[in-house]
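A short worksheet on the structure shown next.
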Amino acid sequence: MDNRPVLHVCVTCQPAGGESVRPDTQTEGARLHGTLIARVAARNLDARVRINPVTCMANCDQGCSAAASAPGKWSYIAGYLKAELADDLIDYALVYGESKTGVIMPSRRAPSLKDVFVARVPAHPDDLAENGDPS
Ligand code: FES
């Protein structure tokens with residue numbers, strides 16, 4: 001099993017607040033995804049974190065969205081993101097990947113990620129049998 005943490009990035013997201021589409025027609029989500037891919041490669045972190053493009057995570061009202069997940073851990077959904085936060089998100093994913101439960105204290109997140117998390121989802125029950133209770 002691949003136990004790397006995954007950052008799922010919605011590539012169809014637009015910025016929060018109904019801002020217009022960028023002149024190059026690239027969505028904010030696609031821009032974030034592309035920047036994450038480039039930064040993970042530049043930092044030689046492919047073995048430690050996965051970047052997974054997805055379409056709509058039903059978090060559209062909170063702008064550019066992404067989620068962190070890993071086997072046996074809480075998953076976290078974030079909004080209000082932008083490409084400029086890519087390195088902070090990668091750093092978060094690394095700490096998340098090292099955690100047992102996926103719960104990361106705010107003091108271990110970049111200040112830019114202080115108010116972006118909008119929901120969390122428990123691990124699949126079958127994962128708990130393999131990895132222990134993530135509560
Ligand atoms: S388009 Fe990204 S969450 Fe809906």
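For the structure tokens, the naming scheme is as follows: chains receive sequential letters (A, B, ...) according to their order of presentation, residues are indexed from 1 within each chain, and ligands are indexed from 1 in presentation order.
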
>> If we count only C-alpha atoms and set the cut-off at 9 Å, which residues sit around Leu36 in chain A, ignoring sequence neighbours fewer than 3 positions away in its own chain? Please answer as a list of chain:residue names.
In response: A:Arg31, A:Leu32, A:His33, A:Arg39, A:Val40, A:Ala41, A:Ile51, A:Ala83, A:Leu85, A:Ala86, A:Asp87, A:Leu89, A:Ile90

> Given a cut-off of 8 Å, what residues near ligand 1 show up using only C-alpha atoms and all ligand atoms, put as a VMD selection string?
Replying inline: chain A and resid 10 to 14 29 55 to 66

Would you export the selected residues with C-alpha atoms as a compact mmCIF listing (two decimals), in the first residue's frame, please?
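Final output, again_17.txt:
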# COMPACT_ATOMS: atom_id res chain seq x y z
CA CYS A 10 -9.77 20.59 -7.38
CA VAL A 11 -8.66 21.75 -10.81
CA THR A 12 -12.06 23.24 -11.67
CA CYS A 13 -12.15 25.71 -8.77
CA GLN A 14 -12.28 29.45 -9.20
CA GLY A 29 -7.42 25.25 -9.11
CA THR A 55 -12.90 17.89 -10.18
CA CYS A 56 -15.41 19.55 -7.88
CA MET A 57 -15.32 18.51 -4.22
CA ALA A 58 -18.60 20.38 -3.54
CA ASN A 59 -16.72 23.14 -1.75
CA CYS A 60 -17.12 25.71 -4.53
CA ASP A 61 -18.40 28.52 -2.30
CA GLN A 62 -15.10 28.45 -0.39
CA GLY A 63 -13.01 29.07 -3.47
CA CYS A 64 -10.00 27.10 -4.57
CA SER A 65 -10.18 23.79 -2.70
CA ALA A 66 -7.96 20.86 -1.80

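The neighbours of range 105-118 of chain A here are the residues that come within 8 Å of it, using only C-alpha atoms and leaving out any residue fewer than 4 positions away in the same chain; they are Tyr76, Ile77, Ala78, Gly79, Tyr80, Leu81, Leu85, Asp88, Leu89, Asp91, Tyr92 and Val95 of chain A.
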
>> DSSP on the backbone, alpha helix (DSSP H) only: what residues of range 30-67 of chain A does that give? Format it as a ChimeraX atom specification.
In response: /A:30-42

For the residues selected in the previous step, produce a file with N, CA and C atoms as a compact mmCIF listing (two decimals), in the first residue's frame.
# COMPACT_ATOMS: atom_id res chain seq x y z
N ALA A 30 -6.44 24.81 -11.29
CA ALA A 30 -5.43 24.26 -12.19
C ALA A 30 -4.08 24.92 -11.94
N ARG A 31 -4.13 26.22 -11.65
CA ARG A 31 -2.88 26.93 -11.35
C ARG A 31 -2.26 26.39 -10.05
N LEU A 32 -3.09 26.15 -9.03
CA LEU A 32 -2.58 25.58 -7.78
C LEU A 32 -2.02 24.18 -8.04
N HIS A 33 -2.74 23.38 -8.79
CA HIS A 33 -2.28 22.01 -9.07
C HIS A 33 -0.93 22.03 -9.78
N GLY A 34 -0.82 22.85 -10.80
CA GLY A 34 0.43 22.93 -11.56
C GLY A 34 1.59 23.40 -10.69
N THR A 35 1.32 24.36 -9.82
CA THR A 35 2.37 24.86 -8.94
C THR A 35 2.78 23.79 -7.93
N LEU A 36 1.81 23.05 -7.40
CA LEU A 36 2.15 21.98 -6.46
C LEU A 36 3.02 20.92 -7.13
N ILE A 37 2.65 20.51 -8.33
CA ILE A 37 3.45 19.51 -9.05
C ILE A 37 4.89 20.01 -9.24
N ALA A 38 5.02 21.26 -9.66
CA ALA A 38 6.34 21.83 -9.91
C ALA A 38 7.15 21.94 -8.63
N ARG A 39 6.51 22.37 -7.55
CA ARG A 39 7.23 22.56 -6.28
C ARG A 39 7.63 21.22 -5.65
N VAL A 40 6.76 20.21 -5.74
CA VAL A 40 7.12 18.88 -5.21
C VAL A 40 8.33 18.35 -5.98
N ALA A 41 8.33 18.52 -7.29
CA ALA A 41 9.47 18.05 -8.08
C ALA A 41 10.73 18.84 -7.74
N ALA A 42 10.60 20.17 -7.65
CA ALA A 42 11.77 21.01 -7.37
C ALA A 42 12.36 20.70 -6.00

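Among A:Val54, A:Gly97, A:Lys82, A:Pro15, the residue with the shortest atom-to-atom distance to Ala68 in chain A, counting only C-alpha atoms, is A:Gly97.
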
>> Residues of range 12-122 of chain A classed as strand (DSSP E or B) by DSSP on the backbone are to be reported as an MDAnalysis selection string.
In response: chainID A and resid 50:54 66:69 75:78 117:121

Using C-alpha atoms, can you export the residues from the last selection as a CSV table (one decimal), in the first residue's frame?
chain,number,residue,atom,x,y,z
A,50,ARG,CA,1.3,12.7,-3.9
A,51,ILE,CA,-0.6,15.4,-5.8
A,52,ASN,CA,-3.9,14.2,-7.2
A,53,PRO,CA,-6.1,16.3,-9.5
A,54,VAL,CA,-9.8,16.0,-9.0
A,66,ALA,CA,-8.0,20.9,-1.8
A,67,ALA,CA,-8.0,18.0,0.6
A,68,ALA,CA,-5.4,15.9,2.5
A,69,SER,CA,-5.9,12.2,3.0
A,75,SER,CA,-9.1,13.7,5.9
A,76,TYR,CA,-9.1,17.5,5.9
A,77,ILE,CA,-10.8,19.7,3.3
A,78,ALA,CA,-9.5,23.2,2.7
A,117,PHE,CA,-9.8,24.2,6.8
A,118,VAL,CA,-13.5,23.9,6.4
A,119,ALA,CA,-14.3,20.2,7.3
A,120,ARG,CA,-12.8,16.9,8.2
A,121,VAL,CA,-13.9,13.3,7.4

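Separating CA of Val103 in chain A from CA of Asp46 in chain A is a distance of 22.4 Å.
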
> Just how far from CA of Trp74 in chain A is CA of Asp2 in chain A, in Å to one decimal?
Replying inline: 16.4 Å
